[in-house]
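One structure below.
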Amino acid sequence: MDDAAWMRSALAEAEHALAHGDVPIGAIAVYKREIIGRGWNCRERDHDPTAHAEMIAIREAAQHLGKWRLDGVTLYCTLEPCAMCAGAMVLARLPRLVYAAPDPKAGAAGSILDLLRHERLNHRVDVQGGLLADEASAQIKAFFASLRT
């Protein structure tokens with residue numbers, strides 16, 4: 001599979017968040033062409049401000065690998081990560097992130113700040129943004145439009 005196919009899997013994960021009223025954001029962790037972690041926003045369901053899609057996928061990936069270092073893992077997420085999620089990626093030594101839509105209000109992969117490539121940190125993540133951004137943005141916009149009606 002290529003990056004676009006993996007991102008489509010992350011978009012499918014985002015749909016699960018709708019079942020419990022969370023913003024549809026999804027993430028998958030891929031290692032050696034296999035999904036080893038999946039996540040979608042569960043903040044509302046779990047009453048947990050840290051229950052972001054990326055955090056859940058990172059935890060599952062670490063459990064699958066049996067270690068906290070995510071060597072060789074690529075994380076695909078449908079929205080640019082926030083500072084918390086970006087910090088977790090740096091701490092996990094994630095080598096690569098691919099995200100769909102930028103987040104101009106909280107993005108920490110270049111929109112507001114660039115935590116993932118900060119020169120003073122001991123690890124930098126290779127970042128690719130904008131893959132299937134229109135699809136991810138449409139998914140999120142539809143969610144917020146439904147709240148207003």
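Here, A, B, ... name the chains of the structure tokens in the order displayed, residue numbers run from 1 inside each chain, and ligands are numbered from 1 in the same displayed order.
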For Ala61 (chain A): contacts at 8 Å, only C-alpha atoms, fewer than 5 positions along chain excluded, given as an mmCIF file with N, CA, C and O atoms, in the first residue's frame:
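Wrote part-v7.cif, looks like this:
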data_model
loop_
_atom_site.group_PDB
_atom_site.id
_atom_site.type_symbol
_atom_site.label_atom_id
_atom_site.label_comp_id
_atom_site.auth_asym_id
_atom_site.auth_seq_id
_atom_site.Cartn_x
_atom_site.Cartn_y
_atom_site.Cartn_z
ATOM 1 N N ALA A 29 -0.916 3.472 13.106
ATOM 2 C CA ALA A 29 0.532 3.296 13.170
ATOM 3 C C ALA A 29 0.874 2.087 12.305
ATOM 4 O O ALA A 29 0.284 1.011 12.476
ATOM 5 N N ILE A 36 -0.280 -1.613 13.275
ATOM 6 C CA ILE A 36 -0.036 -2.135 14.626
ATOM 7 C C ILE A 36 -0.670 -1.254 15.706
ATOM 8 O O ILE A 36 -0.579 -1.568 16.886
ATOM 9 N N GLY A 37 -1.298 -0.171 15.305
ATOM 10 C CA GLY A 37 -1.989 0.704 16.240
ATOM 11 C C GLY A 37 -3.072 1.477 15.523
ATOM 12 O O GLY A 37 -2.868 1.925 14.399
ATOM 13 N N LEU A 70 9.432 3.732 18.932
ATOM 14 C CA LEU A 70 8.675 3.317 17.745
ATOM 15 C C LEU A 70 9.549 3.327 16.491
ATOM 16 O O LEU A 70 9.148 3.840 15.441
#
Report task. Report the residues of region 43-102 of chain A whose backbone DSSP state falls under alpha helix (DSSP H), written as a VMD selection string. Result -> chain A and resid 43 to 46 53 to 65 83 to 91
Report task. Just the residues within 6 Å of Ser137 (chain A), please, counting only C-alpha atoms, with nothing from its chain fewer than 4 positions along; format it as a list of chain:residue names. Result -> A:Ala101, A:Ala133, A:Lys141
Query raised in the report: Can you tell me how far CA of Gln63 (chain A) sits from CA of Ala92 (chain A), in Å to one decimal?
Result: 12.1 Å
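Among the candidates A:Thr50, A:Val23, A:Arg38, A:Glu44, the residue lying nearest to Ala62 (chain A) is A:Arg38 (atoms considered: only C-alpha atoms).
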Requested in this report: Would you list the contacts of Thr74 (chain A) as a count of residues only, taking every protein, DNA or RNA residue within 7 Å and counting only C-alpha atoms, but skipping same-chain residues closer than 3 positions in sequence?
Outcome: 6
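Among A:Ile58, A:Leu65, A:Leu18, A:Cys82, the residue with the shortest atom-to-atom distance to Ala142 (chain A), counting only C-alpha atoms, is A:Leu18.
The space separating CA of Lys67 (chain A) from CA of Leu131 (chain A) comes to 28.7 Å.
Of the residues under consideration (A:His16, A:Lys105, A:His64, A:Arg59), A:Arg59 shows the shortest atom-to-atom contact distance to Met89 (chain A) when counting only C-alpha atoms.
For the pair CA of Ile112 (chain A) and CA of Glu80 (chain A), the interatomic distance is 10.3 Å.
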Query raised in the report: Which of these residues is nearest to Leu115 (chain A), using only C-alpha atoms: A:Pro81, A:Gly130, A:Pro24, A:Gly66?
Result: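 The closest residue to Leu115 (chain A) is A:Pro81.
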Query raised in the report: Could you write out, as number ranges by chain, all the residues of region 4-58 of chain A that DSSP marks as strand (DSSP E or B)?
Result: A: 26-31, 34-40
Query raised in the report: Contacts of His20 (chain A) at 10 Å or less, counting only C-alpha atoms, minus same-chain residues fewer than 6 places along, as a PyMOL selection string?
Result: chain A and resi 41-46
Query raised in the report: Quick one: of A:Leu75, A:Val127, A:Ala27, A:Met84, who's nearest to Ala14 (chain A), counting only C-alpha atoms?
Result: A:Ala27
Query raised in the report: Of the candidates A:Ala5, A:Pro102, A:Trp40, A:Arg69, which shows the shortest atom-to-atom distance to Asp134 (chain A), using only C-alpha atoms?
Result: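 For Asp134 (chain A), the nearest of the candidates is A:Pro102.
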